[in-house]
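Asker: Quick one: this structure, given as structure tokens, is what I'll be asking you about.
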Amino acid sequence: MRIEPATAVVGHVAVPGDKSISHRAVLIGAVAEGDTHVRGFGRAGDTQASIDAVRALGIEVEDLADDELIVHGGELRSGSVDCANAGTLMRLLMGMLSGRDGSYVLTGDESLSSRPMERVADPLRRMGARIDTSEGHAPVEIEGSSLLAIDYELPVASAQVKSAILLAGLSAGGTTTVVEPVPTRDHTELMLEAGGAQITRRPTSATVRASTLRLDEVDVPGDFSSAAPLLVAAALVPGSDLTVHGVGLNPRRTGLLEVLKRMGIRVSIFNRHTFGREIVGDVQVQHGELSATEIGANEVPLLVDELPLVALLAASAHGETIVRGAAELRVKESDRIEAVTDLLRATGAHVKSREDGWAITGVPTRLRGGNVEARGDHRIAMLGAVVGLASREGVDIEDAETVAISFPGFYEVLDSLVRR
Ligand code: S3P
């Protein structure tokens, strides 16, 4: 895929439904009582894997439209589930299935099969789960058993691990508490609360007791992480002015907006309202001069999937930017610390990888451009596309279609906003 330089990124746009919330609506809907009507579902490779997963476990899912479905909650039956590329799916399922009758095998593609699963299996075993990983990885085998509540302090800040334990806690005896080192996205807690679960949320912990749920309806906001590459393109390309409408603004997801403001970009929010317990609004970003910033471990979970884009912003800013406390990026769909370093260097940026992030010397001009490789990672492909728009010579992206994991129409949307 060839991405030519843009002279501006301009217009109004909406993005597909939030991936994290779409996964949760399908998975939690599957074990909730009655029907869950999901509107604004973000249909993409990852979320389709969630639908296929609950179907493989005997749950009926009715497709009403690309972005609308009904999940008929019910009893799960034993089965084998292909989680494809979706880490959120595999980890949340591990928690959800451990305390239910049945035998389950969870598999994934090559990338997912290289990602760490003991971080979920270990706390679940402490609850009494019978769960085996293959030397820490998928395939994961689960023999459903009765669980006992635990108090668990997460060694790494991970919403997926937190969510797995909370979902297991829904069918465990006693009160399960998860404490996190720093706040991570809380979509699971918000959806469980909306479904009537016995759950208490605090800034860095959540407590849940065995509960039955009833979701009835879930309205999914636009995915902030899909809006992010568009907003960053607007920040970088002179003359740009872009508004993304109806996007999720959960404060545990929007760290990028704080970073953009700190770097000197004008960000405006309009029409702030709620979708159930989630916050939604319209975000406008205009091009501006960028200055360097620092990112540390406390901020990382609030923009974990946007850090590759932050590295790009830093490459075009005045001064040196340091990103620390982001070692988790090494165990995403690719090793994103190395993938971002290689991609930005190949296109003319001055980036050094660190064990837990990057040191980036900004040069406030367009990057040269060049050939980049997405490594089967949707966020790296999107980074490559934004580099292309903001470059002098354009970018050729190999494996560009991997964007369909989270945002199937990405290149068409981008094209509709770009002036050349
Ligand atoms: C997610 C949590 C984050 C994020 C991922 C989605 C979720 O992962 O990177 O894209 O939906 O809970 P970790 O929990 O591993 O940090």
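Lettering and numbering for the structure tokens are positional, with chains as A, B, ... in the shown order, residues counted from 1 in each chain, and ligands counted from 1 in the shown order.
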Check the DSSP output for the backbone and give back, as JSON, numbers by chain, the residues of region 100-333 of chain A in strand (DSSP E).

Answerer: {"A": [103, 104, 105, 106, 107, 130, 131, 132, 133, 134, 137, 138, 139, 140, 141, 142, 143, 147, 148, 151, 152, 153, 172, 173, 175, 176, 177, 178, 179, 198, 199, 200, 201, 202, 205, 206, 207, 208, 209, 217, 218, 219, 241, 242, 243, 244, 245, 246, 247, 248, 266, 267, 268, 269, 270, 271, 272, 273, 274, 275, 278, 279, 280, 281, 282, 283, 284, 285, 286, 294, 295, 319, 320, 321, 322, 323]}

Asker: Enumerate residues in contact with ligand 1: an atom-to-atom distance of at most 10 Å, counting only C-alpha atoms and all ligand atoms. Format the result as a ChimeraX atom specification.

Answerer: /A:18-24,86-89,91-92,115-116,119,156-164,184-188,225,253,300-306,326,328-329,331-333,379,406

Asker: Between A:His287, A:Lys352, A:Arg252, A:Arg39, which is the closest to Leu64 (chain A) once you count only C-alpha atoms?

Answerer: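 Selected residue with least distance to Leu64 (chain A): A:Arg39.
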
Asker: Of the candidates A:Asp241, A:Asp415, A:Glu338, A:Glu189, which one gets nearest to Ala311 (chain A) if we count only C-alpha atoms?

Answerer: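 Among the listed residues, A:Glu338 lies closest to Ala311 (chain A).
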
Asker: Hey, which of A:Ser391, A:Ser353, A:Ser240, A:Asn250 ends up closest to Gln286 (chain A)? Count only C-alpha atoms.

Answerer: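 Using only C-alpha atoms, the shortest distance to Gln286 (chain A) belongs to A:Ser240.
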
Asker: Using only C-alpha atoms, find each residue of region 95-166 of chain A with at least one atom at most 12 Å away from an atom of region 52-63 of chain A; report its shortest atom-to-atom pair and that distance in Å (one decimal), sort the rows by chain and rising residue number, and return the result as JSON lines.

Answerer:
{"residue": "A:Met96", "atom": "CA", "partner": "A:Val54", "partner_atom": "CA", "distance": 11.3}
{"residue": "A:Leu97", "atom": "CA", "partner": "A:Leu57", "partner_atom": "CA", "distance": 10.2}
{"residue": "A:Arg100", "atom": "CA", "partner": "A:Leu57", "partner_atom": "CA", "distance": 11.8}
{"residue": "A:Asp101", "atom": "CA", "partner": "A:Leu57", "partner_atom": "CA", "distance": 11.8}
{"residue": "A:Gly102", "atom": "CA", "partner": "A:Leu57", "partner_atom": "CA", "distance": 9.9}
{"residue": "A:Ser103", "atom": "CA", "partner": "A:Leu57", "partner_atom": "CA", "distance": 10.4}
{"residue": "A:Tyr104", "atom": "CA", "partner": "A:Leu57", "partner_atom": "CA", "distance": 8.9}
{"residue": "A:Val105", "atom": "CA", "partner": "A:Leu57", "partner_atom": "CA", "distance": 10.8}
{"residue": "A:Leu106", "atom": "CA", "partner": "A:Ala53", "partner_atom": "CA", "distance": 9.3}
{"residue": "A:Thr107", "atom": "CA", "partner": "A:Ala53", "partner_atom": "CA", "distance": 10.6}
{"residue": "A:Gly108", "atom": "CA", "partner": "A:Ala53", "partner_atom": "CA", "distance": 11.3}

Asker: Would you save the residues of that selection, restricted to N, CA and C atoms, as a PDB file, in the first residue's frame?

Answerer:
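And here's result21.pdb as it stands now:
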ATOM      1  N   MET A  96     -13.322 -15.903  32.380  1.00  0.00           N
ATOM      2  CA  MET A  96     -14.760 -16.184  32.319  1.00  0.00           C
ATOM      3  C   MET A  96     -15.060 -17.675  32.396  1.00  0.00           C
ATOM      4  N   LEU A  97     -14.173 -18.500  31.801  1.00  0.00           N
ATOM      5  CA  LEU A  97     -14.463 -19.931  31.684  1.00  0.00           C
ATOM      6  C   LEU A  97     -13.987 -20.738  32.891  1.00  0.00           C
ATOM      7  N   ARG A 100     -16.639 -22.057  35.286  1.00  0.00           N
ATOM      8  CA  ARG A 100     -17.885 -22.620  34.723  1.00  0.00           C
ATOM      9  C   ARG A 100     -17.675 -24.081  34.360  1.00  0.00           C
ATOM     10  N   ASP A 101     -18.740 -24.892  34.416  1.00  0.00           N
ATOM     11  CA  ASP A 101     -18.627 -26.312  34.060  1.00  0.00           C
ATOM     12  C   ASP A 101     -18.180 -26.450  32.610  1.00  0.00           C
ATOM     13  N   GLY A 102     -17.299 -27.403  32.370  1.00  0.00           N
ATOM     14  CA  GLY A 102     -16.929 -27.676  30.976  1.00  0.00           C
ATOM     15  C   GLY A 102     -15.425 -27.719  30.782  1.00  0.00           C
ATOM     16  N   SER A 103     -15.027 -28.191  29.608  1.00  0.00           N
ATOM     17  CA  SER A 103     -13.595 -28.240  29.237  1.00  0.00           C
ATOM     18  C   SER A 103     -13.405 -27.361  28.023  1.00  0.00           C
ATOM     19  N   TYR A 104     -12.359 -26.570  28.053  1.00  0.00           N
ATOM     20  CA  TYR A 104     -12.157 -25.586  26.991  1.00  0.00           C
ATOM     21  C   TYR A 104     -10.699 -25.577  26.555  1.00  0.00           C
ATOM     22  N   VAL A 105     -10.491 -25.363  25.255  1.00  0.00           N
ATOM     23  CA  VAL A 105      -9.135 -25.180  24.731  1.00  0.00           C
ATOM     24  C   VAL A 105      -9.128 -23.870  23.947  1.00  0.00           C
ATOM     25  N   LEU A 106      -8.192 -22.993  24.278  1.00  0.00           N
ATOM     26  CA  LEU A 106      -8.097 -21.693  23.603  1.00  0.00           C
ATOM     27  C   LEU A 106      -6.816 -21.654  22.783  1.00  0.00           C
ATOM     28  N   THR A 107      -6.970 -21.403  21.489  1.00  0.00           N
ATOM     29  CA  THR A 107      -5.801 -21.297  20.617  1.00  0.00           C
ATOM     30  C   THR A 107      -5.762 -19.897  20.009  1.00  0.00           C
ATOM     31  N   GLY A 108      -4.615 -19.571  19.388  1.00  0.00           N
ATOM     32  CA  GLY A 108      -4.493 -18.264  18.745  1.00  0.00           C
ATOM     33  C   GLY A 108      -3.537 -18.346  17.574  1.00  0.00           C
TER      34      GLY A 108
END

Asker: Which residues are near Val10 (chain A)? Cut-off 8 Å, only C-alpha atoms, ignore same chain within fewer than 5 positions. Put them as a list of chain:residue names.

Answerer: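 Non-adjacent residues within range: A:Ala234, A:Ser240, A:Asp241, A:Leu242, A:Leu417, A:Val418, A:Arg419.
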
Asker: Can you write just those residues out, all heavy atoms, as a PDB file, in the first residue's frame?

Answerer:
ATOM      1  N   ALA A 234      -3.650  14.951  11.799  1.00  0.00           N
ATOM      2  CA  ALA A 234      -4.067  16.358  11.762  1.00  0.00           C
ATOM      3  C   ALA A 234      -3.087  17.242  12.547  1.00  0.00           C
ATOM      4  O   ALA A 234      -2.772  18.362  12.133  1.00  0.00           O
ATOM      5  CB  ALA A 234      -5.486  16.509  12.309  1.00  0.00           C
ATOM      6  N   SER A 240      -4.062  21.487   8.780  1.00  0.00           N
ATOM      7  CA  SER A 240      -5.100  20.499   9.095  1.00  0.00           C
ATOM      8  C   SER A 240      -6.063  20.978  10.164  1.00  0.00           C
ATOM      9  O   SER A 240      -5.695  21.745  11.067  1.00  0.00           O
ATOM     10  CB  SER A 240      -4.453  19.198   9.583  1.00  0.00           C
ATOM     11  OG  SER A 240      -3.673  18.638   8.573  1.00  0.00           O
ATOM     12  N   ASP A 241      -7.294  20.475  10.071  1.00  0.00           N
ATOM     13  CA  ASP A 241      -8.338  20.765  11.063  1.00  0.00           C
ATOM     14  C   ASP A 241      -9.337  19.624  10.969  1.00  0.00           C
ATOM     15  O   ASP A 241     -10.090  19.525  10.005  1.00  0.00           O
ATOM     16  CB  ASP A 241      -9.004  22.105  10.721  1.00  0.00           C
ATOM     17  CG  ASP A 241     -10.014  22.528  11.782  1.00  0.00           C
ATOM     18  OD1 ASP A 241     -10.356  21.693  12.641  1.00  0.00           O
ATOM     19  OD2 ASP A 241     -10.442  23.696  11.735  1.00  0.00           O
ATOM     20  N   LEU A 242      -9.338  18.751  11.959  1.00  0.00           N
ATOM     21  CA  LEU A 242     -10.122  17.520  11.888  1.00  0.00           C
ATOM     22  C   LEU A 242     -10.996  17.368  13.123  1.00  0.00           C
ATOM     23  O   LEU A 242     -10.546  17.618  14.245  1.00  0.00           O
ATOM     24  CB  LEU A 242      -9.162  16.315  11.816  1.00  0.00           C
ATOM     25  CG  LEU A 242      -9.838  14.953  11.767  1.00  0.00           C
ATOM     26  CD1 LEU A 242     -10.473  14.715  10.401  1.00  0.00           C
ATOM     27  CD2 LEU A 242      -8.858  13.841  12.092  1.00  0.00           C
ATOM     28  N   LEU A 417     -10.245  12.220   4.017  1.00  0.00           N
ATOM     29  CA  LEU A 417      -9.911  13.404   4.819  1.00  0.00           C
ATOM     30  C   LEU A 417      -8.683  14.149   4.307  1.00  0.00           C
ATOM     31  O   LEU A 417      -8.367  15.243   4.773  1.00  0.00           O
ATOM     32  CB  LEU A 417      -9.625  12.989   6.266  1.00  0.00           C
ATOM     33  CG  LEU A 417     -10.763  12.258   6.975  1.00  0.00           C
ATOM     34  CD1 LEU A 417     -10.266  11.684   8.296  1.00  0.00           C
ATOM     35  CD2 LEU A 417     -11.920  13.229   7.221  1.00  0.00           C
ATOM     36  N   VAL A 418      -8.010  13.506   3.353  1.00  0.00           N
ATOM     37  CA  VAL A 418      -6.700  14.016   2.961  1.00  0.00           C
ATOM     38  C   VAL A 418      -6.802  14.941   1.759  1.00  0.00           C
ATOM     39  O   VAL A 418      -7.473  14.623   0.780  1.00  0.00           O
ATOM     40  CB  VAL A 418      -5.764  12.815   2.669  1.00  0.00           C
ATOM     41  CG1 VAL A 418      -4.545  13.282   1.909  1.00  0.00           C
ATOM     42  CG2 VAL A 418      -5.368  12.155   3.952  1.00  0.00           C
ATOM     43  N   ARG A 419      -6.140  16.091   1.843  1.00  0.00           N
ATOM     44  CA  ARG A 419      -5.957  16.956   0.651  1.00  0.00           C
ATOM     45  C   ARG A 419      -4.533  16.749   0.156  1.00  0.00           C
ATOM     46  O   ARG A 419      -3.597  16.728   0.950  1.00  0.00           O
ATOM     47  CB  ARG A 419      -6.142  18.418   1.035  1.00  0.00           C
ATOM     48  CG  ARG A 419      -7.584  18.729   1.313  1.00  0.00           C
ATOM     49  CD  ARG A 419      -7.842  20.225   1.164  1.00  0.00           C
ATOM     50  NE  ARG A 419      -9.144  20.531   1.690  1.00  0.00           N
ATOM     51  CZ  ARG A 419      -9.431  21.604   2.418  1.00  0.00           C
ATOM     52  NH1 ARG A 419      -8.473  22.475   2.701  1.00  0.00           N
ATOM     53  NH2 ARG A 419     -10.641  21.810   2.844  1.00  0.00           N
TER      54      ARG A 419
END

Asker: When you draw a straight line from CA of Asp342 (chain A) to CA of Arg324 (chain A), how long is it in Å?

Answerer: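 Answer for the CA of Asp342 (chain A) to CA of Arg324 (chain A) separation: 18.0 Å.
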
Asker: Which residues come within 12 Å of region 209-213 of chain A, counting only C-alpha atoms, excluding same-chain residues fewer than 6 positions away, as a PyMOL selection string?

Answerer: chain A and resi 28-36+73-74+99+146-151+165-178+191-200

Asker: With distances taken over only C-alpha atoms, which of A:Thr365, A:Thr341, A:Thr47, A:Thr402 is nearest to Pro238 (chain A)?

Answerer: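 For Pro238 (chain A), the nearest of the candidates is A:Thr365.
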
Asker: Taking only C-alpha atoms into account, name the residue in A:Glu355, A:Glu258, A:Gly17, A:Met127 that is nearest to His245 (chain A).

Answerer: A:Gly17

Asker: So how far away is CA of Leu231 (chain A) from CA of Asn271 (chain A), in Å?

Answerer: 17.4 Å

Asker: Would you list the contacts of Phe41 (chain A) as a list in words, taking every protein, DNA or RNA residue within 8 Å and counting only C-alpha atoms, but skipping same-chain residues closer than 4 positions in sequence?

Answerer: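 Listed by chain and then number, they are Pro16, Gly17, Asp18, Ser22, Asp66, Asp67, Glu68, Leu69, Asp219 and Val220 of chain A.
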
Asker: For those residues, write C-alpha atoms to a file as a short mmCIF file (atom, residue, chain, number, x, y, z; two decimals), in the first residue's frame.

Answerer:
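Below is the file result.cif, written as the result:
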data_model
loop_
_atom_site.label_atom_id
_atom_site.label_comp_id
_atom_site.auth_asym_id
_atom_site.auth_seq_id
_atom_site.Cartn_x
_atom_site.Cartn_y
_atom_site.Cartn_z
CA PRO A 16 -16.00 2.26 14.19
CA GLY A 17 -17.11 1.19 17.66
CA ASP A 18 -14.61 0.69 20.45
CA SER A 22 -17.22 -4.50 21.72
CA ASP A 66 -22.51 -4.67 10.52
CA ASP A 67 -22.58 -2.59 13.71
CA GLU A 68 -25.55 -4.10 15.49
CA LEU A 69 -26.17 -7.49 17.04
CA ASP A 219 -24.24 1.41 23.11
CA VAL A 220 -20.62 1.33 21.99
#

Asker: Pick out the closest residue to Leu76 (chain A) from this set: A:Ala121, A:Glu278, A:Gly144, A:His137. Count only C-alpha atoms.

Answerer: A:Gly144

Asker: Quick one: pick out all alpha helix (DSSP H) residues within region 192-404 of chain A from a backbone DSSP run and write them as a PyMOL selection string.

Answerer: chain A and resi 192-194+224-236+255-262+307-315+336-346+378-389

Asker: To one decimal place, how far is CA of Ser316 (chain A) from CA of Phe410 (chain A) in Å?

Answerer: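 Taking CA of Ser316 (chain A) and CA of Phe410 (chain A), their separation equals 23.2 Å.
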
Asker: At a cut-off of 7 Å, using only C-alpha atoms, what residues contact Ile131 (chain A)? Leave out same-chain residues fewer than 6 positions from it and give the result as a PDB file with N, CA, C and O atoms, in the first residue's frame.

Answerer:
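Contents of result_37.pdb, freshly written:
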ATOM      1  N   ALA A 121      -3.120 -16.895  34.006  1.00  0.00           N
ATOM      2  CA  ALA A 121      -3.294 -18.251  34.547  1.00  0.00           C
ATOM      3  C   ALA A 121      -2.898 -18.317  36.022  1.00  0.00           C
ATOM      4  O   ALA A 121      -3.587 -18.963  36.825  1.00  0.00           O
ATOM      5  N   ARG A 125      -5.232 -19.690  38.991  1.00  0.00           N
ATOM      6  CA  ARG A 125      -4.922 -20.920  39.743  1.00  0.00           C
ATOM      7  C   ARG A 125      -5.020 -20.665  41.242  1.00  0.00           C
ATOM      8  O   ARG A 125      -5.471 -21.517  41.991  1.00  0.00           O
ATOM      9  N   GLU A 141      -5.470 -24.689  28.186  1.00  0.00           N
ATOM     10  CA  GLU A 141      -6.525 -25.670  28.463  1.00  0.00           C
ATOM     11  C   GLU A 141      -7.139 -25.376  29.813  1.00  0.00           C
ATOM     12  O   GLU A 141      -6.425 -25.121  30.779  1.00  0.00           O
ATOM     13  N   ILE A 142      -8.460 -25.411  29.856  1.00  0.00           N
ATOM     14  CA  ILE A 142      -9.180 -25.072  31.088  1.00  0.00           C
ATOM     15  C   ILE A 142     -10.183 -26.183  31.391  1.00  0.00           C
ATOM     16  O   ILE A 142     -10.946 -26.597  30.523  1.00  0.00           O
ATOM     17  N   GLU A 143     -10.145 -26.661  32.623  1.00  0.00           N
ATOM     18  CA  GLU A 143     -11.152 -27.598  33.136  1.00  0.00           C
ATOM     19  C   GLU A 143     -11.935 -26.788  34.155  1.00  0.00           C
ATOM     20  O   GLU A 143     -11.402 -26.450  35.218  1.00  0.00           O
TER      21      GLU A 143
END
